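Written out below as structure tokens is the structure these notes cover.
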Amino acid sequence: MINLETAEYNVRPCKYEELQKVILINETTLPEHYPTYFYEQIIEKYPESFMVAELKKEPGKLAAYIMWRIERGISSFGIQLVKKGHLVSLAVSEPYRRKKIASSLLKNSMLEVKDYGVDEFVLEVRISNQGAIDLYQKTFGFKKIRIIEQYYRDGENAYYMALKVDDLNFDKT
């Protein structure tokens with residue numbers, strides 16, 4: 001299990017008893033919300049893929065989270081059936097943004113998700129969220145595969161982005 005330590009926070013797996021804190025981060029930072037059972041299913045099925053950033057100076061206080069699920073589907077890069085790590089949600093609380101927490105969560109969680117035997121990483125991102133697009137594309141090497149029309153509840157389109165596990169390269173992070 002990876003436990004990234006920095007000056008300000010630790011990245012580690014989420015504990016079941018922390019789900020309410022994760023839900024609060026989601027509800028205060030993102031317009032898309034999930035029912036409690038959705039978080040419970042992910043932490044039960046894919047515990048290593050559900051990570052949090054905990055403040056070192058305030059143990060128990062979470063600054064961010066990331067959660068993935070594992071799916072089977074047609075490859076984003078060809079016509080074969082593959083196993084995908086699907087980024088479900090990544091959120092960083094406002095006071096902790098621009099401190100490379102999202103990058104740390106992505107890097108560490110992708111290494112964990114890779115251990116589930118996935119062939120690709122996939123995600124959806126709002127087309128207006130240039131900061132996230134840059135993170136996924138420039139820092140991690142994700143490619144824009146297509147636009148999903150009206151993906152979000154408010155009608156905004158999403159980019160569907162993907163990265164082959166074989167192309168995973170953390171030299172830029």
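Ligands are numbered from 1 in the order shown, chains are lettered A, B, ... in the order of the structure tokens, and residues start at 1 in each chain.
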- Give me every helix (DSSP H, G or I) residue in chain A, going by DSSP on the backbone, as a PyMOL selection string. chain A and resi 16-29+36-45+47-49+94-96+101-114+130-139+165-167
What does the file look like for those residues with C-alpha atoms, as a CSV table (one decimal), in the first residue's frame?
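Here's the written file out.csv:
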chain,number,residue,atom,x,y,z
A,16,TYR,CA,-15.2,3.2,6.1
A,17,GLU,CA,-15.8,5.5,9.1
A,18,GLU,CA,-14.6,8.5,7.1
A,19,LEU,CA,-17.3,8.2,4.4
A,20,GLN,CA,-19.3,11.1,5.9
A,21,LYS,CA,-16.3,13.4,5.7
A,22,VAL,CA,-15.8,12.3,2.1
A,23,ILE,CA,-19.4,13.0,1.3
A,24,LEU,CA,-19.1,16.4,2.9
A,25,ILE,CA,-16.1,17.2,0.6
A,26,ASN,CA,-18.1,16.1,-2.4
A,27,GLU,CA,-21.2,18.1,-1.5
A,28,THR,CA,-19.2,21.3,-0.8
A,29,THR,CA,-16.9,21.1,-3.9
A,36,THR,CA,-24.2,7.0,0.6
A,37,TYR,CA,-24.6,3.4,-0.7
A,38,PHE,CA,-22.6,4.4,-3.8
A,39,TYR,CA,-19.5,5.3,-1.7
A,40,GLU,CA,-20.1,2.2,0.4
A,41,GLN,CA,-20.1,0.0,-2.6
A,42,ILE,CA,-16.8,1.4,-3.9
A,43,ILE,CA,-15.0,1.2,-0.6
A,44,GLU,CA,-16.2,-2.4,-0.2
A,45,LYS,CA,-15.4,-3.6,-3.7
A,47,PRO,CA,-10.8,-0.4,-1.1
A,48,GLU,CA,-7.3,0.3,-2.5
A,49,SER,CA,-8.7,2.6,-5.2
A,94,GLU,CA,-11.2,24.8,-1.6
A,95,PRO,CA,-8.6,25.9,1.0
A,96,TYR,CA,-6.3,23.0,-0.1
A,101,ILE,CA,-2.9,17.2,-3.7
A,102,ALA,CA,-4.9,16.1,-6.8
A,103,SER,CA,-1.7,15.0,-8.5
A,104,SER,CA,-0.6,13.0,-5.5
A,105,LEU,CA,-4.0,11.4,-5.2
A,106,LEU,CA,-4.1,10.5,-8.9
A,107,LYS,CA,-0.5,9.2,-9.0
A,108,ASN,CA,-0.9,7.0,-5.9
A,109,SER,CA,-4.4,5.8,-6.7
A,110,MET,CA,-3.5,4.9,-10.3
A,111,LEU,CA,-0.7,2.7,-9.0
A,112,GLU,CA,-3.2,1.0,-6.8
A,113,VAL,CA,-5.8,0.7,-9.5
A,114,LYS,CA,-3.2,-0.8,-11.8
A,130,GLN,CA,-9.5,23.5,-17.9
A,131,GLY,CA,-7.4,23.0,-14.8
A,132,ALA,CA,-8.5,19.4,-14.5
A,133,ILE,CA,-8.2,18.8,-18.2
A,134,ASP,CA,-4.6,20.1,-18.1
A,135,LEU,CA,-3.8,17.9,-15.1
A,136,TYR,CA,-5.1,14.8,-16.8
A,137,GLN,CA,-3.7,15.6,-20.3
A,138,LYS,CA,-0.4,17.4,-19.7
A,139,THR,CA,0.7,15.8,-16.4
A,165,VAL,CA,-1.8,1.5,-18.6
A,166,ASP,CA,1.2,0.8,-20.7
A,167,ASP,CA,1.5,4.5,-21.4
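Here CA of Gln80 (chain A) is placed at a distance of 17.8 Å from CA of Arg146 (chain A).
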- Message: Env of Ala53 (chain A): 6 Å cut, atoms = only C-alpha atoms, seq-sep filter 5 positions within chain, self excluded. Answer as a PyMOL selection string.
- Response: chain A and resi 9-11+62-64
- What lies within 9 Å of region 157-159 of chain A using only C-alpha atoms, ignoring chain neighbours under 2 positions off, as a list of chain:residue names? A:Leu123, A:Glu124, A:Val125, A:Arg126, A:Ile127, A:Ser128, A:Ile133, A:Lys144, A:Ile145, A:Arg146, A:Ile147, A:Ile148, A:Glu149, A:Gln150, A:Tyr151, A:Tyr152, A:Gly155, A:Met161
Output C-alpha atoms for every residue in that selection, as an mmCIF file, in the first residue's frame.
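This is the output file again_18.cif:
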data_model
loop_
_atom_site.group_PDB
_atom_site.id
_atom_site.type_symbol
_atom_site.label_atom_id
_atom_site.label_comp_id
_atom_site.auth_asym_id
_atom_site.auth_seq_id
_atom_site.Cartn_x
_atom_site.Cartn_y
_atom_site.Cartn_z
ATOM 1 C CA LEU A 123 -12.684 9.444 -16.815
ATOM 2 C CA GLU A 124 -15.168 12.155 -17.681
ATOM 3 C CA VAL A 125 -14.425 15.819 -17.077
ATOM 4 C CA ARG A 126 -16.432 18.972 -17.660
ATOM 5 C CA ILE A 127 -15.307 20.682 -20.863
ATOM 6 C CA SER A 128 -15.179 23.951 -18.888
ATOM 7 C CA ILE A 133 -8.160 18.793 -18.240
ATOM 8 C CA LYS A 144 -9.466 13.175 -25.205
ATOM 9 C CA ILE A 145 -11.410 10.373 -26.860
ATOM 10 C CA ARG A 146 -14.768 12.047 -27.453
ATOM 11 C CA ILE A 147 -17.284 14.567 -26.175
ATOM 12 C CA ILE A 148 -20.298 13.220 -24.318
ATOM 13 C CA GLU A 149 -23.170 15.606 -24.945
ATOM 14 C CA GLN A 150 -25.093 16.828 -21.874
ATOM 15 C CA TYR A 151 -23.276 14.414 -19.581
ATOM 16 C CA TYR A 152 -23.807 16.453 -16.441
ATOM 17 C CA GLY A 155 -26.501 19.981 -19.294
ATOM 18 C CA MET A 161 -10.563 10.795 -21.598
#
